[in-house]
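Novice: Next up, upload39.txt (compact mmCIF, C-alpha atoms).
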```txt
# COMPACT_ATOMS: atom_id res chain seq x y z
CA MET R 1 10.81 14.60 17.37
CA ILE R 2 13.01 16.56 14.97
CA GLN R 3 15.89 14.11 15.35
CA GLY R 4 13.43 11.31 14.70
CA MET R 5 12.13 12.93 11.52
CA LEU R 6 15.72 13.48 10.45
CA ILE R 7 16.54 9.80 11.02
CA LEU R 8 13.56 8.77 8.85
CA LEU R 9 14.56 11.13 6.04
CA LEU R 10 18.22 10.14 6.27
CA CYS R 11 17.33 6.46 5.96
CA GLN R 12 15.19 7.23 2.92
CA LEU R 13 17.97 9.28 1.35
CA LEU R 14 20.51 6.54 2.02
CA GLY R 15 18.08 4.04 0.51
CA GLU R 16 17.63 6.14 -2.63
CA TRP R 17 21.38 6.56 -3.06
CA LEU R 18 22.13 2.91 -2.42
CA MET R 19 19.56 1.74 -4.98
CA VAL R 20 20.84 4.17 -7.62
CA PHE R 21 24.38 3.01 -6.86
CA LEU R 22 23.44 -0.69 -7.05
CA GLY R 23 21.06 -0.19 -9.97
CA ALA R 24 18.49 -2.27 -8.07
CA PRO R 25 14.78 -1.86 -8.89
CA ILE R 26 13.80 -1.52 -5.20
CA PRO R 27 12.37 1.94 -4.38
CA GLY R 28 14.30 4.15 -1.97
CA PRO R 29 11.72 4.23 0.86
CA VAL R 30 11.64 0.42 1.07
CA ALA R 31 15.42 0.25 1.08
CA GLY R 32 15.30 2.97 3.75
CA MET R 33 12.93 0.85 5.83
CA LEU R 34 15.37 -2.06 5.67
CA ILE R 35 18.27 0.23 6.61
CA LEU R 36 16.41 1.65 9.63
CA TRP R 37 15.39 -1.86 10.69
CA LEU R 38 19.02 -3.04 10.58
CA GLY R 39 20.03 0.11 12.47
CA LEU R 40 17.47 -0.61 15.20
CA LEU R 41 18.67 -4.21 15.48
CA VAL R 42 22.22 -2.93 16.04
CA TYR R 43 21.17 -0.11 18.40
CA GLY R 44 18.96 -2.44 20.42
CA LYS R 45 15.97 -0.16 21.11
CA VAL R 46 13.73 2.50 19.54
CA PRO R 47 14.65 6.01 20.79
CA ASP R 48 11.60 8.02 21.95
CA THR R 49 12.48 10.84 19.59
CA LEU R 50 12.04 8.43 16.68
CA ARG R 51 8.94 6.65 17.96
CA LEU R 52 6.93 9.86 18.16
CA PRO R 53 7.06 11.00 14.50
CA ALA R 54 7.07 7.39 13.24
CA GLU R 55 3.88 6.46 15.04
CA GLY R 56 2.24 9.71 13.97
CA LEU R 57 3.01 8.98 10.32
CA ILE R 58 1.87 5.35 10.54
CA ARG R 59 -1.38 6.27 12.28
CA HIS R 60 -2.34 8.55 9.40
CA LEU R 61 -0.92 6.42 6.62
CA SER R 62 -4.16 6.33 4.64
CA LEU R 63 -4.33 10.14 4.32
CA LEU R 64 -1.01 10.09 2.49
CA PHE R 65 -2.47 8.03 -0.38
CA ILE R 66 -5.05 10.61 -1.39
CA PRO R 67 -2.91 12.78 -3.73
CA ALA R 68 -1.88 9.74 -5.82
CA GLY R 69 -5.44 8.43 -5.79
CA VAL R 70 -6.87 11.63 -7.21
CA GLY R 71 -4.55 10.96 -10.17
CA LEU R 72 -7.02 8.33 -11.35
CA MET R 73 -9.05 11.20 -12.83
CA VAL R 74 -6.43 11.55 -15.55
CA PHE R 75 -7.35 8.05 -16.76
CA ALA R 76 -11.12 8.54 -16.58
CA GLU R 77 -11.68 7.73 -20.28
CA LEU R 78 -9.52 4.60 -20.30
CA LEU R 79 -11.16 3.34 -17.12
CA ALA R 80 -14.68 4.11 -18.38
CA ALA R 81 -13.99 2.10 -21.54
CA HIS R 82 -12.58 -0.92 -19.70
CA TRP R 83 -14.13 -0.71 -16.25
CA LEU R 84 -15.36 -4.32 -16.28
CA VAL R 85 -11.89 -5.74 -17.00
CA VAL R 86 -10.28 -3.54 -14.37
CA LEU R 87 -12.87 -4.24 -11.69
CA SER R 88 -12.94 -8.00 -12.31
CA SER R 89 -9.17 -8.19 -12.30
CA LEU R 90 -8.81 -6.19 -9.08
CA LEU R 91 -11.65 -7.98 -7.26
CA GLY R 92 -10.80 -11.50 -8.44
CA SER R 93 -7.09 -11.24 -7.93
CA THR R 94 -7.36 -9.61 -4.50
CA LEU R 95 -9.84 -12.24 -3.31
CA ILE R 96 -7.68 -15.16 -4.51
CA THR R 97 -4.53 -13.61 -3.03
CA LEU R 98 -6.17 -12.95 0.36
CA VAL R 99 -7.63 -16.44 0.64
CA LEU R 100 -4.44 -18.21 -0.43
CA THR R 101 -2.11 -16.15 1.76
CA VAL R 102 -4.14 -16.24 4.95
CA TRP R 103 -4.78 -19.98 4.50
CA MET R 104 -1.09 -20.77 3.88
CA MET R 105 0.09 -18.64 6.77
CA GLN R 106 -2.39 -20.13 9.23
CA ARG R 107 -1.69 -23.72 8.10
CA MET R 108 2.06 -23.31 8.52
CA GLU R 109 1.62 -21.57 11.87
CA THR R 110 -0.52 -24.36 13.34
CA TYR R 111 1.89 -26.93 11.91
CA LYS R 112 4.84 -25.23 13.61
CA ALA R 113 2.92 -24.79 16.87
CA ARG R 114 1.94 -28.48 16.88
CA ARG R 115 5.51 -29.60 16.24
CA ARG R 116 6.74 -27.34 19.01
CA GLY R 117 4.04 -28.86 21.24
CA GLU R 118 5.21 -32.41 20.51
CA HIS R 119 8.76 -31.46 21.39
CA GLY R 120 7.50 -30.04 24.68
CA ASP R 121 5.72 -33.29 25.54
CA ARG R 122 8.82 -35.38 25.28
CA MET H 1 -15.12 37.81 -14.21
CA GLU H 2 -13.98 39.11 -10.90
CA ILE H 3 -14.96 35.85 -9.22
CA ASP H 4 -12.89 33.99 -11.81
CA ASN H 5 -9.83 36.03 -11.01
CA PHE H 6 -10.37 35.48 -7.35
CA TRP H 7 -10.47 31.72 -7.96
CA VAL H 8 -7.30 31.69 -10.05
CA TYR H 9 -5.52 33.64 -7.37
CA PHE H 10 -6.28 31.01 -4.75
CA ALA H 11 -5.85 27.94 -6.94
CA ALA H 12 -2.38 29.10 -7.87
CA ARG H 13 -1.37 28.77 -4.27
CA PRO H 14 -0.34 25.21 -3.38
CA LEU H 15 -1.52 25.78 0.18
CA PHE H 16 -5.11 25.81 -1.00
CA TRP H 17 -4.95 22.22 -2.27
CA ILE H 18 -3.27 20.98 0.89
CA VAL H 19 -6.10 22.49 2.90
CA VAL H 20 -8.69 20.99 0.52
CA THR H 21 -7.09 17.54 0.85
CA LEU H 22 -7.05 17.68 4.64
CA ILE H 23 -10.64 18.95 4.87
CA ALA H 24 -11.84 16.32 2.37
CA PHE H 25 -10.17 13.64 4.48
CA LEU H 26 -11.71 14.93 7.72
CA VAL H 27 -15.17 15.13 6.14
CA ALA H 28 -14.71 11.62 4.69
CA THR H 29 -13.58 10.25 8.07
CA TRP H 30 -16.59 11.84 9.74
CA LEU H 31 -18.95 10.41 7.09
CA ASN H 32 -17.38 6.99 7.52
CA ARG H 33 -17.90 7.09 11.26
CA LYS H 34 -21.52 8.18 10.78
CA ALA H 35 -22.01 5.22 8.45
CA GLY H 36 -20.75 2.81 11.09
CA GLY H 37 -17.20 2.46 9.77
CA THR H 38 -18.17 0.50 6.65
CA ALA H 39 -15.28 -0.18 4.29
CA LEU H 40 -17.56 0.69 1.35
CA LEU H 41 -17.22 4.33 2.38
CA HIS H 42 -13.48 4.11 3.00
CA PRO H 43 -12.33 7.61 4.01
CA VAL H 44 -9.67 7.66 1.30
CA PHE H 45 -12.16 6.65 -1.36
CA VAL H 46 -14.70 9.26 -0.27
CA ALA H 47 -12.00 11.95 0.00
CA MET H 48 -10.79 11.09 -3.52
CA ALA H 49 -14.33 11.36 -4.86
CA LEU H 50 -14.86 14.72 -3.13
CA ILE H 51 -11.60 16.16 -4.42
CA ILE H 52 -12.07 14.87 -7.98
CA SER H 53 -15.58 16.38 -8.02
CA LEU H 54 -14.22 19.72 -6.85
CA LEU H 55 -11.46 19.66 -9.47
CA LEU H 56 -13.94 18.84 -12.25
CA LEU H 57 -16.41 21.48 -11.05
CA THR H 58 -13.75 24.17 -11.00
CA GLY H 59 -12.04 22.97 -14.20
CA THR H 60 -8.74 22.49 -12.40
CA ASP H 61 -6.32 19.95 -13.86
CA TYR H 62 -4.51 17.30 -11.84
CA ASP H 63 -1.09 18.92 -12.20
CA THR H 64 -2.34 22.08 -10.50
CA TYR H 65 -3.84 20.03 -7.70
CA PHE H 66 -0.65 18.03 -7.29
CA GLU H 67 1.44 21.21 -6.93
CA GLY H 68 -0.15 21.51 -3.51
CA ALA H 69 -0.89 17.88 -2.73
CA GLN H 70 2.68 16.78 -3.38
CA PHE H 71 3.60 17.96 0.11
CA ILE H 72 1.26 15.35 1.56
CA HIS H 73 2.35 12.77 -1.03
CA PHE H 74 5.95 13.40 -0.04
CA LEU H 75 5.32 12.08 3.49
CA LEU H 76 4.69 8.60 2.05
CA GLY H 77 8.47 8.19 1.88
CA PRO H 78 9.30 8.72 5.58
CA ALA H 79 6.08 6.88 6.51
CA THR H 80 7.28 3.81 4.63
CA VAL H 81 10.65 4.04 6.38
CA ALA H 82 8.82 4.34 9.73
CA LEU H 83 7.31 0.88 9.22
CA ALA H 84 10.70 -0.45 10.37
CA ILE H 85 9.59 0.33 13.93
CA PRO H 86 6.65 -2.10 14.30
CA LEU H 87 8.86 -4.55 12.43
CA TYR H 88 11.54 -4.15 15.07
CA ASP H 89 9.08 -4.22 17.98
CA HIS H 90 7.82 -7.67 16.96
CA MET H 91 11.15 -9.12 15.88
CA ALA H 92 10.99 -12.12 18.25
CA ARG H 93 7.67 -13.26 16.80
CA ILE H 94 8.82 -12.72 13.23
CA ARG H 95 12.02 -14.71 13.75
CA LYS H 96 9.94 -17.67 14.93
CA LEU H 97 7.81 -17.55 11.78
CA LEU H 98 10.53 -16.73 9.28
CA LEU H 99 10.00 -19.68 6.93
CA PRO H 100 6.19 -19.38 6.75
CA VAL H 101 6.59 -15.65 6.17
CA LEU H 102 9.03 -16.06 3.29
CA LEU H 103 7.07 -18.88 1.64
CA SER H 104 3.69 -17.13 1.91
CA CYS H 105 5.21 -13.95 0.56
CA LEU H 106 6.68 -15.66 -2.47
CA VAL H 107 3.49 -17.57 -3.32
CA GLY H 108 1.24 -14.59 -2.51
CA SER H 109 3.18 -12.05 -4.59
CA VAL H 110 3.28 -14.31 -7.64
CA THR H 111 -0.43 -15.14 -7.25
CA ALA H 112 -1.38 -11.47 -6.99
CA ALA H 113 0.42 -10.53 -10.21
CA VAL H 114 -0.46 -13.65 -12.23
CA THR H 115 -4.18 -13.60 -11.38
CA ALA H 116 -4.46 -9.85 -12.07
CA LEU H 117 -2.80 -10.26 -15.48
CA GLY H 118 -4.63 -13.55 -16.17
CA ILE H 119 -8.12 -12.17 -15.56
CA GLY H 120 -7.19 -9.12 -17.63
CA LEU H 121 -5.93 -11.27 -20.50
CA VAL H 122 -9.04 -13.47 -20.48
CA LEU H 123 -11.45 -10.51 -20.53
CA GLY H 124 -9.26 -8.54 -22.93
CA GLY H 125 -8.01 -4.98 -22.79
CA PRO H 126 -5.20 -2.83 -24.14
CA ASP H 127 -1.74 -4.14 -23.23
CA ARG H 128 -0.67 -1.00 -21.39
CA LEU H 129 -3.77 -1.17 -19.19
CA LEU H 130 -3.09 -4.84 -18.35
CA LEU H 131 0.55 -4.07 -17.57
CA SER H 132 -0.60 -1.28 -15.25
CA LEU H 133 -2.70 -3.88 -13.39
CA ALA H 134 0.24 -6.21 -12.65
CA PRO H 135 1.67 -4.41 -9.58
CA LYS H 136 -1.79 -3.78 -8.07
CA SER H 137 -1.03 -5.44 -4.70
CA VAL H 138 2.22 -3.52 -4.28
CA THR H 139 2.41 -0.31 -2.26
CA SER H 140 1.97 2.76 -4.51
CA PRO H 141 5.56 4.08 -4.56
CA ILE H 142 6.87 0.64 -5.58
CA ALA H 143 3.98 0.03 -7.99
CA ILE H 144 4.98 3.22 -9.82
CA GLY H 145 8.55 1.94 -10.24
CA ILE H 146 7.47 -1.50 -11.43
CA SER H 147 4.92 -0.09 -13.86
CA GLU H 148 7.56 2.17 -15.36
CA GLN H 149 9.89 -0.77 -15.83
CA ILE H 150 7.39 -3.07 -17.57
CA GLY H 151 5.79 -0.36 -19.74
CA GLY H 152 2.50 0.39 -17.98
CA TYR H 153 1.14 3.82 -17.01
CA PRO H 154 2.95 4.57 -13.71
CA SER H 155 0.33 6.93 -12.28
CA LEU H 156 -2.50 4.60 -13.30
CA SER H 157 -0.74 1.78 -11.44
CA ALA H 158 -0.56 3.95 -8.34
CA GLY H 159 -4.30 4.59 -8.55
CA LEU H 160 -5.14 0.94 -9.22
CA ALA H 161 -2.99 -0.09 -6.26
CA LEU H 162 -5.10 2.28 -4.18
CA LEU H 163 -8.34 0.75 -5.40
CA THR H 164 -6.89 -2.67 -4.59
CA GLY H 165 -6.14 -1.47 -1.09
CA ILE H 166 -9.75 -0.41 -0.60
CA ILE H 167 -11.06 -3.66 -2.12
CA GLY H 168 -8.73 -5.63 0.16
CA CYS H 169 -10.10 -3.93 3.29
CA LEU H 170 -13.61 -4.66 2.00
CA LEU H 171 -13.02 -8.35 1.29
CA ALA H 172 -10.73 -9.19 4.22
CA PRO H 173 -13.34 -9.33 7.04
CA LEU H 174 -15.50 -11.56 4.82
CA VAL H 175 -12.63 -13.90 3.96
CA PHE H 176 -11.50 -14.11 7.58
CA ARG H 177 -15.02 -14.97 8.74
CA VAL H 178 -15.68 -17.60 6.06
CA LEU H 179 -12.29 -19.28 6.58
CA ARG H 180 -12.60 -18.90 10.38
CA VAL H 181 -9.17 -17.29 10.70
CA GLU H 182 -8.17 -16.70 14.33
CA SER H 183 -4.45 -15.97 13.98
CA GLN H 184 -3.61 -12.26 14.25
CA THR H 185 -0.32 -12.80 12.45
CA ALA H 186 -1.97 -14.57 9.49
CA LYS H 187 -4.64 -11.87 9.23
CA GLY H 188 -2.07 -9.08 9.30
CA PHE H 189 0.23 -10.80 6.86
CA ALA H 190 -2.51 -11.47 4.29
CA LEU H 191 -3.74 -7.87 4.59
CA GLY H 192 -0.28 -6.39 4.06
CA LEU H 193 0.44 -8.70 1.14
CA ALA H 194 -2.82 -8.27 -0.76
CA ALA H 195 -3.65 -4.69 0.19
CA HIS H 196 -0.28 -3.04 1.08
CA GLY H 197 -0.59 0.26 3.00
CA PHE H 198 -4.38 0.16 3.26
CA GLY H 199 -4.21 -3.38 4.58
CA THR H 200 -1.50 -2.30 7.02
CA ALA H 201 -3.56 0.63 8.27
CA TYR H 202 -6.51 -1.74 8.70
CA ALA H 203 -4.38 -4.39 10.43
CA MET H 204 -3.06 -1.76 12.86
CA GLN H 205 -6.68 -1.38 14.00
CA ILE H 206 -6.96 -5.14 14.63
CA SER H 207 -3.85 -5.23 16.83
CA SER H 208 -0.26 -4.05 16.92
CA ILE H 209 1.06 -7.54 16.13
CA ALA H 210 -1.26 -7.80 13.09
CA GLY H 211 0.01 -4.39 12.04
CA ALA H 212 3.63 -5.45 12.37
CA PHE H 213 3.07 -8.50 10.18
CA ALA H 214 1.16 -6.40 7.68
CA GLY H 215 4.07 -3.96 7.48
CA LEU H 216 6.45 -6.85 7.06
CA ALA H 217 4.31 -8.38 4.31
CA MET H 218 3.98 -5.04 2.56
CA GLY H 219 7.75 -4.45 2.54
CA LEU H 220 8.62 -8.00 1.50
CA THR H 221 5.95 -8.06 -1.21
CA GLY H 222 7.31 -4.81 -2.57
CA VAL H 223 10.84 -6.15 -2.76
CA VAL H 224 9.86 -9.58 -4.13
CA SER H 225 7.42 -8.10 -6.67
CA SER H 226 9.89 -5.59 -8.05
CA LEU H 227 12.18 -8.53 -8.82
CA LEU H 228 9.54 -11.03 -10.05
CA ILE H 229 6.89 -9.01 -11.94
CA PRO H 230 9.21 -8.11 -14.86
CA LEU H 231 9.94 -11.85 -15.15
CA ILE H 232 6.25 -12.84 -15.00
CA VAL H 233 5.39 -10.29 -17.68
CA ARG H 234 8.09 -11.71 -19.96
CA ILE H 235 6.86 -15.29 -19.39
CA LEU H 236 3.26 -14.31 -20.22
CA GLY H 237 4.58 -12.63 -23.35
CA LEU H 238 3.10 -9.17 -22.77
```
Turn this file's structure into structure tokens for me.
Specialist:
Amino acid sequence: MIQGMLILLLCQLLGEWLMVFLGAPIPGPVAGMLILWLGLLVYGKVPDTLRLPAEGLIRHLSLLFIPAGVGLMVFAELLAAHWLVVLSSLLGSTLITLVLTVWMMQRMETYKARRRGEHGDR
Amino acid sequence: MEIDNFWVYFAARPLFWIVVTLIAFLVATWLNRKAGGTALLHPVFVAMALIISLLLLTGTDYDTYFEGAQFIHFLLGPATVALAIPLYDHMARIRKLLLPVLLSCLVGSVTAAVTALGIGLVLGGPDRLLLSLAPKSVTSPIAIGISEQIGGYPSLSAGLALLTGIIGCLLAPLVFRVLRVESQTAKGFALGLAAHGFGTAYAMQISSIAGAFAGLAMGLTGVVSSLLIPLIVRILGL
């Protein structure tokens, strides 16, 4: 459990350092995720000590967004003045993105599955 | 007067705001379950509303709240790193779908940013507000970085990304039903791309494979967006 937490934090720290060093705009935690993923590919399995804290954190992911969300109160005036723009933009854009992505992904998946099927028939 | 002092004494302690955040979340989760799990009463949304009300009622500013809440906020970092594990668990499936994944991610990320900015431009609003909208489908920690780079309000972007997450969880079941989507991988991927961490949390409830693809989409979208959004903003001339 503690080793696992340490691995997560180490990957994040490595990610932060690497991105500062490279001057890349990718945030440290995402770089850390990629580093841990590569590490797991090399190591070949997920150690139990890592799985425990990782799954705990992922299960309660939504709780971790609350502190940043409360920050919206700082922009109450700006949002009150332009709420229609903000809401339309968020709603419209999210709807279009969801529809397009899920449609593309499903189309390509069935296409691949069908092609694989044809190969199998031969 | 004495009551006031008493209040200041407690508010000064960061622990108090951690406890408030956790209780607000538990109450919100309970309310959500009572209401039949509707996404309209998303636990995070309800918890935010409860906490903001309490802060306004007590005249506490956000910085004071964040002194305590930052310890919860901090865990977002290791939690993001932890998403490497579902990614690894479903590696075989991901490798098979590598091209669809990369293509959908590219098209989806660009669509998310362009439509958000486009709708904002058409309806009109201050430039900094529109810029803060651009990274709305990107997970909060990355949205903050992007917003900073293109000249938006970083903390507003984080909040708007959150609202997007809630909206995504609200719209997704509808979209999936209307389009008759069966594929778990497609559902998960779309959720992670359009609604980042919220979508991923939601996809985890659908199935572990949906969750893995959501985590993948969230990570990829973050990386792709941090490279492309500054470009898109320049092209749109903002």
Novice: Between H:Phe25, H:Ser226, H:Gln205, H:Leu238, single out the one closest to Val110 of chain H, counting all atoms listed in the file.
Specialist: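 Of all the options, H:Ser226 lies closest to Val110 of chain H.
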Novice: Report, in Å with one decimal, the straight-line distance from atom CA of Ala49 of chain H to atom CA of Asp127 of chain H.
Specialist: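 We find that atom CA of Ala49 of chain H and atom CA of Asp127 of chain H lie 27.1 Å from each other.
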Novice: Any idea what's packed within 8 Å of segment 31-38 of chain R, counting all atoms listed in the file, ignoring anything in its chain fewer than 6 positions away? Could you give it as a PyMOL selection string?
Specialist: (chain R and resi 8+11-16+19) or (chain H and resi 80-85+87-88)
Novice: Could you pull the residues within 7 Å of Gly192 of chain H, counting all atoms listed in the file, minus those fewer than 6 positions along the same chain, as JSON, numbers by chain?
Specialist: {"H": [199, 200, 214, 215, 217, 218]}
Novice: Would you mind listing, as a PDB file with C-alpha atoms, in the coordinates of the input, all residues of chain R that have at least one atom within 7 Å of chain H, where all atoms listed in the file are what counts?
Specialist:
```
ATOM      1  CA  LEU R   8      13.560   8.770   8.850  1.00  0.00           C
ATOM      2  CA  LEU R   9      14.560  11.130   6.040  1.00  0.00           C
ATOM      3  CA  GLN R  12      15.190   7.230   2.920  1.00  0.00           C
ATOM      4  CA  PRO R  25      14.780  -1.860  -8.890  1.00  0.00           C
ATOM      5  CA  ILE R  26      13.800  -1.520  -5.200  1.00  0.00           C
ATOM      6  CA  PRO R  27      12.370   1.940  -4.380  1.00  0.00           C
ATOM      7  CA  PRO R  29      11.720   4.230   0.860  1.00  0.00           C
ATOM      8  CA  VAL R  30      11.640   0.420   1.070  1.00  0.00           C
ATOM      9  CA  GLY R  32      15.300   2.970   3.750  1.00  0.00           C
ATOM     10  CA  MET R  33      12.930   0.850   5.830  1.00  0.00           C
ATOM     11  CA  LEU R  34      15.370  -2.060   5.670  1.00  0.00           C
ATOM     12  CA  LEU R  36      16.410   1.650   9.630  1.00  0.00           C
ATOM     13  CA  TRP R  37      15.390  -1.860  10.690  1.00  0.00           C
ATOM     14  CA  LEU R  40      17.470  -0.610  15.200  1.00  0.00           C
ATOM     15  CA  ALA R  54       7.070   7.390  13.240  1.00  0.00           C
ATOM     16  CA  LEU R  57       3.010   8.980  10.320  1.00  0.00           C
ATOM     17  CA  ILE R  58       1.870   5.350  10.540  1.00  0.00           C
ATOM     18  CA  LEU R  61      -0.920   6.420   6.620  1.00  0.00           C
ATOM     19  CA  SER R  62      -4.160   6.330   4.640  1.00  0.00           C
ATOM     20  CA  LEU R  63      -4.330  10.140   4.320  1.00  0.00           C
ATOM     21  CA  LEU R  64      -1.010  10.090   2.490  1.00  0.00           C
ATOM     22  CA  PHE R  65      -2.470   8.030  -0.380  1.00  0.00           C
ATOM     23  CA  ILE R  66      -5.050  10.610  -1.390  1.00  0.00           C
ATOM     24  CA  PRO R  67      -2.910  12.780  -3.730  1.00  0.00           C
ATOM     25  CA  ALA R  68      -1.880   9.740  -5.820  1.00  0.00           C
ATOM     26  CA  GLY R  69      -5.440   8.430  -5.790  1.00  0.00           C
ATOM     27  CA  VAL R  70      -6.870  11.630  -7.210  1.00  0.00           C
ATOM     28  CA  GLY R  71      -4.550  10.960 -10.170  1.00  0.00           C
ATOM     29  CA  LEU R  72      -7.020   8.330 -11.350  1.00  0.00           C
ATOM     30  CA  MET R  73      -9.050  11.200 -12.830  1.00  0.00           C
ATOM     31  CA  PHE R  75      -7.350   8.050 -16.760  1.00  0.00           C
ATOM     32  CA  HIS R  82     -12.580  -0.920 -19.700  1.00  0.00           C
ATOM     33  CA  VAL R  85     -11.890  -5.740 -17.000  1.00  0.00           C
ATOM     34  CA  SER R  89      -9.170  -8.190 -12.300  1.00  0.00           C
ATOM     35  CA  LEU R  90      -8.810  -6.190  -9.080  1.00  0.00           C
ATOM     36  CA  LEU R  91     -11.650  -7.980  -7.260  1.00  0.00           C
ATOM     37  CA  SER R  93      -7.090 -11.240  -7.930  1.00  0.00           C
ATOM     38  CA  THR R  94      -7.360  -9.610  -4.500  1.00  0.00           C
ATOM     39  CA  LEU R  95      -9.840 -12.240  -3.310  1.00  0.00           C
ATOM     40  CA  THR R  97      -4.530 -13.610  -3.030  1.00  0.00           C
ATOM     41  CA  LEU R  98      -6.170 -12.950   0.360  1.00  0.00           C
ATOM     42  CA  VAL R  99      -7.630 -16.440   0.640  1.00  0.00           C
ATOM     43  CA  THR R 101      -2.110 -16.150   1.760  1.00  0.00           C
ATOM     44  CA  VAL R 102      -4.140 -16.240   4.950  1.00  0.00           C
ATOM     45  CA  MET R 104      -1.090 -20.770   3.880  1.00  0.00           C
ATOM     46  CA  MET R 105       0.090 -18.640   6.770  1.00  0.00           C
ATOM     47  CA  GLN R 106      -2.390 -20.130   9.230  1.00  0.00           C
ATOM     48  CA  MET R 108       2.060 -23.310   8.520  1.00  0.00           C
TER      49      MET R 108
END
```
Novice: To one decimal place, how far is atom CA of Leu57 of chain H from atom CA of Leu31 of chain H in Å?
Specialist: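 A separation of 21.4 Å between them.
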Novice: Using atom CA of Gly39 of chain R and atom CA of Ala203 of chain H as the two end points, give the distance in Å to one decimal.
Specialist: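 Going from atom CA of Gly39 of chain R over to atom CA of Ala203 of chain H, I get 24.9 Å.
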Novice: Emit as JSON the padded axis-aligned box for all listed atoms of segment 125-139 of chain H, 8 Å per side, with centre and edge lengths in Å to one decimal.
Specialist:
```
{"center_x": -2.8, "center_y": -3.3, "center_z": -13.2, "size_x": 26.4, "size_y": 21.9, "size_z": 37.9}
```
